[in-house]
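Asker: Mind looking over this structure? Questions follow.
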Amino acid sequence: MDLDSSRCWNSAKKESWKTTLLIAYQSLGVVYGDLSISPLYVFKSTFAEDIHHSETNEEIYGVLSFVFWTLTLVPLFKYVFVVLRAHDNGEGGTFALYSLICRHVKVSLLPNSQLADEALSTYKVESPMETKHSSRLKTLLEKHKSLHTALLILVLLGTCMVIGDGVLTPAISVFSAVSGLELSMSKEHHLYAVVPITCVIIVCLFALQHYGTHRIGFFFAPIVLTWLICISGLGVYNIIHWNPHVYQALSPYYMYTFLKKTKKSGWMSLGGILLCITGSEAMFADLGHFSYTAIQITFTFLVYPALILAYMGQAAYLSKHHVLHSTYQVGFYASVPECVRWPVLVVAILASVVGSQAIISGTFSIINQSQSLGCFPRVKVVHTSDKIHGQIYIPEINWMLMVLCIAVAVGFRNTKHMGNASGLAVMAVMLVTTCLTSLVIIVCWRKPPILGLAFLLFFGSIEALYFSASLTKFLEGAWLPILLAFILMTVMFVWHYATIKKYEFDLHNKVSLEWLLALGPSIGITRVPGIGIVYTNLVSGIPANFSRFVTNLPAFHRVLVFVCVKSVPVPYVPSVERYLVGRVGPPAHRSYRCIVRYGYRDVHQDVDSFEAELVDKLADFIRFDGSRNMGNSSLTGDGFRSSESTGECRLTVIGTVEFSGPPAYEMDESDQPASVSVGFRTIDSVTDVIEMAPMNERRVRFAIDDESEAGVRSEMEMPMREELEDLWAAQQAGTAFILGHSHVKAKQGSSLLKRLAIDFGYNFMRRNCRGPDVALRVPPVSLLEVGMVYVV
């Protein structure tokens with residue numbers, strides 16, 4: 001997959017208005033499905049039990065005023081004008097904010113960062129001068145490890161609530177849409193019809209997920225557009241027909257009178273009002289598929305006015321039907337004229353499916369990101385599109401979500417409890433986003449702390465008010481997202497904690513380069529034909545699992561490659577900057593190190609293409625290194641010298657440029673990312689953070705002469721030719737993949753909580769999730785597993 005061309009939406013920022021409007025139209029079906037269907041259940045959830053509308057209409061006007069200002073302040077002001085600007089190379093969401101913070105402040109718990117990572121073109125750091133206050137906050141965050149853990153827990157909380165919303169949104173959306181049948185059936189009949197129909201639609205929705213959003217989403221934008229036109233048209237009709245003066249309720253004065261009259265019950269009813277902004281987070285989370293301008297235009301000029309008209313229309317209708325206290329008569333369908341009720345019902349069901357699809361796709365995406373950052377057990381990720389980046393399907397998660405959605409629909413059977421649960425999950429995600437954005441304002445944008453604090457206090461207080469109202473409904477449905485979040489956070493934190501401990505164990509038990517170089521025929525070690533690919537989490541040193549392998553089987557392959565597949569705190573790593581290749585020992589030893597870098601939204605390649613591409617990168621490195629040693633060393637600068645501290649040679653960024661012989665070089669002084677990187681050091685201590693000064697880089701271009709292959713080979717030095725021939729011969733002999741088969745146990749004397757987490761929790765998840773060989777797509781016939789016991 002061509003990742004650069006697949007991210008066409010971000011490149012459209014500078015395109016014409018015609019292109020921008022087309023992207024804005026296409027964003028309707030993906031971004032606004034959930035937000036646009038909220039009129040189905042907001043008034044019904046608000047007036048469920050806590051309050052009832054009276055003849056004075058103060059309750060109706062108060063609720064409308066709250067809805068208007070909530071939609072204006074949170075989605076419009078907070079997200080459209082502030083949060084959307086806190087993107088990470090065009091990507092949004094909780095992990096994008098965390099990634100942005102990690103690049104500016106060293107708060108990542110996994111100590112495998114390298115100075116070479118900062119040379120990536122996507123590793124963008126804000127340029128404003130660091131202020132005294134931002135520097136002080138940065139130092140505080142970097143100094144205290146407990147703050148690193150607290151920040152990770154905050155991110156995981158937001159992630160878990162998004163996953164919980166993926167369970168609740170399909171249930172409440174489809175159930176609310178199907179509940180329109182209640183006005184056409186008797187109470188006894190519709191109770192036996194709504195739940196089964198809801199379950200059937202949910203099963204069909206999840207059964208279609210393996211086709212991918214790009215196939216089943218063709219009609220999404222027209223459906224949402226039709227729905228928005230429908231609800232805005234109904235709103236205008238109801239305003240004109242029932243109460244043309246309902247616009248007066250937009251005054252914030254009615255919020256005051258509402259709370260003054262209803263008091264505690266009015267505050268508790270805010271748990272239903274907040275449902276009007278469910279789906280707002282999708283504007284930020286799905287930013288990577290579109291553009292800031294497109295999402296801003298769509299919400300400001302289409303979605304926002306349509307929603308306001310829809311709520312005003314419902315309020316206008318209810319203001320003239322205040323004597324009806326049944327929750328049926330305060331629902332959305334009560335305000336729909338009977339002559340168009342059935343067409344509206346059909347469009348509402350289709351729109352609810354679209355809204356559910358958006359949150360399901362978002363759940364798949366965020367679980368994939370969590371897995372990339374070592375915060376989630378390994379699951380199968382299927383990429384459903386070769387052209388659209390980010391379209392994925394996770395079978396295990398899909399069926400688990402389906403079962404949970406059906407359980408919610410069958411267990412709750414009313415929008416009130418589903419709304420309480422969904423509202424709490426939504427507000428928790430928004431609170432996390434507000435906290436992370438305030439940090440971005442200070443440490444990334446380098447704004448005065450008073451701005452970050454003002455943002456946190458203003459929007460945080462609004463969301464905290466709604467969150468507190470949701471907590472009062474704990475026994476009436478709000479317990480569900482809390483329970484789901486607790487289970488998911490336990491799973492994710494235990495997995496991440498064990499991953500960190502395993503990395504520390506590998507780091508402290510790695511063997512020296514001298515040990516590897518000493519292995520030879522004199523001590524009974526033989527080199528067998530073929531390529532041995534040793535997977536390791538280390539970016540330097542020889543892993544302990546390889547020493548265990550050689551100890552039990554005194555032989556290893558003629559060509560040895562230590563491969564580290566690592567995640568970098570950027571959304572994407574360009575293919576030309578993905579591979580870092582270097583030698584381990586002298587050229588005659590035929591040992592190499594290859595670090596394969598992926599962003600948290602990158603697509604991991606299949607093993608067939610990876611193996612072939614790895615050999616190509618090794619060949620390119622050999623050609624480059626041989627050409628450099630043939631008298632061109634002056635081109636590389638001092639940065640290419642070997643690192644004395646590690647005993648290993650420099651690592652070089654090998655891009656997609658291919659050449660078959662000694663290249664002619666063209667030097668181009670530039671601030672752009674170098675196609676061949678300078679040498680770098682590794683932060684290999686789990687306690688110390690080494691500050692490294694930035695290095696001046698040079699871009700190296702390879703210009704290929706139009707000579708015949710025979711002529712080129714005749715000019716190559718003998719060592720380079722022999723090394724290439726050994727590589728091709730080893731490839732023909734076959735490739736073996738050497739992986740560690742790990743068993744982790746807590747140290748003797750560890751606390752009971754740690755023993756439960758490691759000995760039972762982590763090992764149970766490790767046994768029941770996909771192994772590293774499956775995750776890395778290693779062919780079983782070429783797999784060699786080395787048993788390792790990690791005592792952490």
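Each chain of the structure tokens is named A, B, ... in the order shown, its residues numbered from 1; ligands are numbered from 1 in display order.
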Env of stretch 158-163 of chain A: 7 Å cut, atoms = only C-alpha atoms, seq-sep filter 2 positions within chain, self excluded. Answer as a list in words.

Answerer: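 Answer for this query is Thr94, Leu154, Val155, Leu156, Asp165, Gly166, Val167, Thr363, Ala425, Ala428, Val429, Val432, Pro481, Ala485, Leu488 and Met489 of chain A.
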
Asker: Save the residues we just selected, N, CA, C and O atoms, as a PDB file, in the first residue's frame?

Answerer:
```pdb
ATOM      1  N   THR A  94      -7.332  10.584  20.851  1.00  0.00           N
ATOM      2  CA  THR A  94      -6.619  10.558  22.128  1.00  0.00           C
ATOM      3  C   THR A  94      -5.149  10.220  21.953  1.00  0.00           C
ATOM      4  O   THR A  94      -4.266  10.867  22.534  1.00  0.00           O
ATOM      5  N   LEU A 154      -4.520   8.220  32.140  1.00  0.00           N
ATOM      6  CA  LEU A 154      -5.516   9.148  31.611  1.00  0.00           C
ATOM      7  C   LEU A 154      -5.836   8.825  30.150  1.00  0.00           C
ATOM      8  O   LEU A 154      -7.002   8.811  29.744  1.00  0.00           O
ATOM      9  N   VAL A 155      -4.795   8.550  29.381  1.00  0.00           N
ATOM     10  CA  VAL A 155      -4.995   8.201  27.964  1.00  0.00           C
ATOM     11  C   VAL A 155      -5.747   6.882  27.838  1.00  0.00           C
ATOM     12  O   VAL A 155      -6.658   6.746  27.012  1.00  0.00           O
ATOM     13  N   LEU A 156      -5.373   5.906  28.651  1.00  0.00           N
ATOM     14  CA  LEU A 156      -6.054   4.609  28.603  1.00  0.00           C
ATOM     15  C   LEU A 156      -7.517   4.740  29.026  1.00  0.00           C
ATOM     16  O   LEU A 156      -8.386   4.044  28.491  1.00  0.00           O
ATOM     17  N   ASP A 165     -18.131   3.290  24.357  1.00  0.00           N
ATOM     18  CA  ASP A 165     -19.101   3.981  23.510  1.00  0.00           C
ATOM     19  C   ASP A 165     -19.387   3.173  22.249  1.00  0.00           C
ATOM     20  O   ASP A 165     -20.496   3.228  21.702  1.00  0.00           O
ATOM     21  N   GLY A 166     -18.388   2.403  21.786  1.00  0.00           N
ATOM     22  CA  GLY A 166     -18.606   1.522  20.643  1.00  0.00           C
ATOM     23  C   GLY A 166     -19.593   0.405  20.939  1.00  0.00           C
ATOM     24  O   GLY A 166     -20.197  -0.156  20.017  1.00  0.00           O
ATOM     25  N   VAL A 167     -19.770   0.067  22.203  1.00  0.00           N
ATOM     26  CA  VAL A 167     -20.772  -0.920  22.604  1.00  0.00           C
ATOM     27  C   VAL A 167     -22.151  -0.268  22.726  1.00  0.00           C
ATOM     28  O   VAL A 167     -23.164  -0.837  22.318  1.00  0.00           O
ATOM     29  N   THR A 363     -13.687   2.254  16.878  1.00  0.00           N
ATOM     30  CA  THR A 363     -13.252   1.303  17.897  1.00  0.00           C
ATOM     31  C   THR A 363     -12.155   0.398  17.359  1.00  0.00           C
ATOM     32  O   THR A 363     -11.149   0.150  18.036  1.00  0.00           O
ATOM     33  N   ALA A 425     -20.038   7.753  29.253  1.00  0.00           N
ATOM     34  CA  ALA A 425     -18.870   7.407  28.435  1.00  0.00           C
ATOM     35  C   ALA A 425     -18.429   8.596  27.593  1.00  0.00           C
ATOM     36  O   ALA A 425     -17.229   8.894  27.485  1.00  0.00           O
ATOM     37  N   ALA A 428     -16.741  11.333  29.736  1.00  0.00           N
ATOM     38  CA  ALA A 428     -15.415  10.918  30.198  1.00  0.00           C
ATOM     39  C   ALA A 428     -14.383  11.123  29.093  1.00  0.00           C
ATOM     40  O   ALA A 428     -13.273  11.619  29.347  1.00  0.00           O
ATOM     41  N   VAL A 429     -14.738  10.754  27.857  1.00  0.00           N
ATOM     42  CA  VAL A 429     -13.814  10.954  26.730  1.00  0.00           C
ATOM     43  C   VAL A 429     -13.535  12.439  26.528  1.00  0.00           C
ATOM     44  O   VAL A 429     -12.387  12.849  26.299  1.00  0.00           O
ATOM     45  N   VAL A 432     -11.134  13.813  29.164  1.00  0.00           N
ATOM     46  CA  VAL A 432      -9.756  13.410  28.867  1.00  0.00           C
ATOM     47  C   VAL A 432      -9.183  14.269  27.751  1.00  0.00           C
ATOM     48  O   VAL A 432      -8.033  14.736  27.824  1.00  0.00           O
ATOM     49  N   PRO A 481     -20.650   1.621  31.490  1.00  0.00           N
ATOM     50  CA  PRO A 481     -19.362   2.078  30.956  1.00  0.00           C
ATOM     51  C   PRO A 481     -18.251   2.080  31.988  1.00  0.00           C
ATOM     52  O   PRO A 481     -17.082   1.878  31.643  1.00  0.00           O
ATOM     53  N   ALA A 485     -14.947   0.080  31.354  1.00  0.00           N
ATOM     54  CA  ALA A 485     -13.671   0.802  31.410  1.00  0.00           C
ATOM     55  C   ALA A 485     -12.725   0.169  32.425  1.00  0.00           C
ATOM     56  O   ALA A 485     -11.514   0.077  32.189  1.00  0.00           O
ATOM     57  N   LEU A 488     -11.355  -3.078  30.827  1.00  0.00           N
ATOM     58  CA  LEU A 488     -10.441  -2.783  29.726  1.00  0.00           C
ATOM     59  C   LEU A 488      -9.164  -2.122  30.217  1.00  0.00           C
ATOM     60  O   LEU A 488      -8.066  -2.442  29.732  1.00  0.00           O
ATOM     61  N   MET A 489      -9.276  -1.206  31.174  1.00  0.00           N
ATOM     62  CA  MET A 489      -8.072  -0.554  31.694  1.00  0.00           C
ATOM     63  C   MET A 489      -7.183  -1.539  32.416  1.00  0.00           C
ATOM     64  O   MET A 489      -5.948  -1.459  32.335  1.00  0.00           O
TER      65      MET A 489
END
```

Asker: For the strand (DSSP E) assignment from backbone DSSP, which residues of stretch 407-589 of chain A qualify? Please present them as an MDAnalysis selection string.

Answerer: chainID A and resid 526:535 555:567 579:583

Asker: Would you kindly return, as a ChimeraX atom specification, each protein, DNA or RNA residue with an atom no farther than 10 Å from any atom of A:Ser335, considering only C-alpha atoms and excluding same-chain residues fewer than 5 positions away?

Answerer: /A:234-235,237-238,313-318,321,329-330,341

Asker: Give me the residues near A:Ser38 as a list in words, where near means some atom within 9 Å (using only C-alpha atoms) and where sequence neighbours in that chain fewer than 6 positions away do not count.

Answerer: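 My list of contacting residues is Ser173, Leu275, Cys276, Ile277, Thr278, Gly279 and Leu307 of chain A.
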
Asker: Residues as selected, C-alpha atoms, written as a JSON list (two decimals), in the first residue's frame, can you do that?

Answerer:
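Produced file out_22.json, reproduced below:
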```json
[["chain", "number", "residue", "atom", "x", "y", "z"],
["A", 173, "SER", "CA", -29.06, 4.46, 18.01],
["A", 275, "LEU", "CA", -26.65, 13.24, 24.64],
["A", 276, "CYS", "CA", -27.02, 16.07, 22.12],
["A", 277, "ILE", "CA", -23.22, 16.14, 21.74],
["A", 278, "THR", "CA", -22.59, 12.39, 21.47],
["A", 279, "GLY", "CA", -20.44, 11.86, 18.41],
["A", 307, "LEU", "CA", -29.47, 20.10, 14.61]]
```

Asker: Need to verify the contact set: A:Ala588, 10 Å, only C-alpha atoms, exclusion of same-chain residues closer than 4 positions in sequence. Can you return it as JSON, numbers by chain?

Answerer: {"A": [719, 722, 723]}

Asker: If you count only C-alpha atoms, which residues fall within 7 Å of stretch 66-72 of chain A, apart from same-chain ones fewer than 4 positions away, as a list in words?

Answerer: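 Here the qualifying residues turn out to be Gly62, Leu76, Phe77, Leu250, Met255, Ile273, Cys276, Ile277 and Ile308 of chain A.
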